[in-house]
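**Q** This structure is in structure tokens; I'll ask about it shortly.
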Amino acid sequence: MISTPVLGVIILIYLMVIFYLGWLGYKKTTESDDYMVAGRKIHPYILALSYGATFISTSAIIGFGGAAGALGMGLLWLAFMNILVGIFIAFVLFGSRTRRLGLNLGAVTFPELLGRRFQSRFIQGFSGALIGIFMPLYAGIVLIGGARFLEATLNINYDIAVLILTIIVAAYVITGGLIAVMYTDALQGSLMFIGMIFLLAFTYIKLGGITAAHSALTAMNDLVPQSLAAGGHLGWTSMPEFGSPIWWTLVSTLVLGVGIGVLAQPQLAVRFMTVRNDAALNRAVLVGGPFILMMTGVAFTVGALSNVYFYQTTEMISVAVAGGNTDLIMPAFINSAMPETFVILFMLTLLAAAMSTLSSQFHTMGTSIGHDFYREFLKRGDLGQTINITKVAIAITILASVILAYILPISIIARATAIFFGLCAAAFLPMYTGALFWKRMTREGAIASLLVGTFSSLFWLAFVHKAEAAPLGISKALFGVETILTGTWTVVDPILVATPLAFITAIVVSLLTKPTPKEHLDACFKR
Amino acid sequence: MLGIDDPQIWLAYILCFVSAVGCMIYGALKWNDGSDDPEVEA
């Protein structure tokens, strides 16, 4: 066990730097554009690290790393998607158009960008409310990750850990806005990068090299527990059996759900509007690609390889060591396999990962309710009580996240992230893609796709996708069955059903309705 | 390859590196592209 005073001092220094950066953000924030989109002149390096650190939370490292400990290296397909879609396609195809459209329309949030492009306050208000209601689920699990870490390392009560983390992050988000969020993100991203490099190096050294480590894991194929083997698990260095329940979970929920869902994440899309020009976006790609490789690529590889270490030392596989809770695989591995000084560094890495994601979530939830829903939708653009409402909204959504952090069940981290990413993909992706790339898309088409995407996704979650439908119990209460469809359908993720449905709706309804006036399109795409 | 038998896995492993390096090359080649784009003050 590492010494608590040493760790305490290091965390204190870290927090002082964070507060300094938060104060810097506060000083630089003089107008609303600063608070909402960091004045549109963020440095490319800060953009790349802030985007990456927000994208990658503790849930990606702990939750998904743990999932790789159970399911194996097939999760590397998600790491590949994270780089190709999450960085390259996001910055090069979506980023540059988002930046210009945001600038032309004077939009300061993701819902506002969509609302103004389609000249609809409903789109802005509904999107804002959707984010305000469902993002606490995602923020809640990030809080769980961060608080569990504080609990274990500082030997403090979990409930107190949740409160401490919340208060610290809320303090600099509320006062310093997006500038504070992005500055602190950049520091946190740098810490995460260093931490993960060490984690990868130590793991391979410990297990005798790259090929030796992989070979040892391949040799463990016959140790897959009966329960997982029955679901299609063929070993940690093999893809699950094609079409089996585990294959569907891996491919549809994890790889596609999270891999594609990232494109329509409001807290990430808003970042494209924070830079001066397209060169900044190009330069950010250079930093972003390797950054994500070192995050998810390392977490998934190390998560899977933890099986080798545990088998060599305890003759048990990782899931067994963690008592069945995959969220505990990574912490258990790091605590028992890594040198003491590294444990401290890694603790800081995880704290940074949690805080960088949380800060952006708090900022996005607050502006969604205060700016998008209240000011633009309810008050029709009138300032009214916006500032107070935004603060109250931040407080309420944070409270909801904290409550969720107390009540969500174990092994939920990876799944809750996927639920939120999937919902965003279905609700926003067709409309967002159309807004940027298809001038023929109409307001009616956008509204229809937003509603169809949202409700078909929620319907599938509540009534068909067994992993959520069974614990929710809504289907059971209404129809007396856990899921209203059976067989393979119950393991197909909502994103695979709802997103295509929303895309089709967007296209059909747009073609059937009157095109957007040319003057408005000219205003949208003038430069 | 690399101690992994299933091509579906080592392919993913290699693609992760290839895509990250691809991002670096893209960023370096396009370093100054778009630096005279409309800016905030424009």
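Residues in the structure tokens are named by chain (A, B, ... in the order shown) and by number from 1 within that chain; ligands are numbered from 1 in the order shown.
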Extract, using only C-alpha atoms, all DNA, RNA and protein residues at most 9 Å from range 125-133 of chain A, discarding same-chain residues fewer than 5 positions from it, and format them as a ChimeraX atom specification.

**A** /A:110-112,114-115,120,266,364-378,393,397,400,424,427-428,450,454

**Q** Please provide as a PyMOL selection string all residues within 6 Å of Ile18 in chain A, with the sequence filter that same-chain residues fewer than 3 positions apart are discarded (counting only C-alpha atoms).

**A** chain A and resi 15+21+184

**Q** With N, CA and C atoms kept, could you save the residues just selected as a CSV table (one decimal), in the first residue's frame?

**A**
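Okay, this is what ended up in out.csv:
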chain,number,residue,atom,x,y,z
A,15,LEU,N,-4.0,19.8,-7.4
A,15,LEU,CA,-5.3,20.5,-7.3
A,15,LEU,C,-5.0,22.0,-7.3
A,21,LEU,N,-5.2,27.2,-13.1
A,21,LEU,CA,-5.7,27.2,-14.5
A,21,LEU,C,-7.2,27.7,-14.5
A,184,THR,N,-7.6,23.2,-18.1
A,184,THR,CA,-7.4,22.1,-17.1
A,184,THR,C,-7.4,20.8,-17.9

**Q** Taking only C-alpha atoms into account, which residues of chain A are within 6 Å of chain B, as a list in words?

**A**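 Putting it all together, I get Gly74, Leu76, Trp77, Phe80, Thr211, His214, Ser215, Thr237, Ser238, Arg276, Asn277, Asp278, Ala279, Asn282, Arg283, Val285, Leu286, Gly289 and Pro290 of chain A.
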
**Q** Can you pull out every residue within 9 Å of Phe64 in chain A, counting only C-alpha atoms, but drop anything in the same chain fewer than 4 positions away, and send it as a ChimeraX atom specification?

**A** /A:58-60,68-69,75,254,296,299-300,303,326-327,413-415

**Q** For a test of reading the model, state the distance in Å between CA of Pro5 in chain A and CA of Phe342 in chain A, rounded to one decimal.

**A**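 That distance, rounded to one decimal, is 15.9 Å.
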
**Q** Smallest atom-to-atom distance to Phe202 in chain A: which of A:Val298, A:Gly146, A:Ala152, A:Val464, using only C-alpha atoms?

**A** A:Val298

**Q** From the options A:Pro517, A:Gly453, A:Gly176, A:Pro331, which residue's atoms come nearest to Phe19 in chain A, counting only C-alpha atoms?

**A**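 Among the listed residues, the smallest separation from Phe19 in chain A belongs to A:Gly176.
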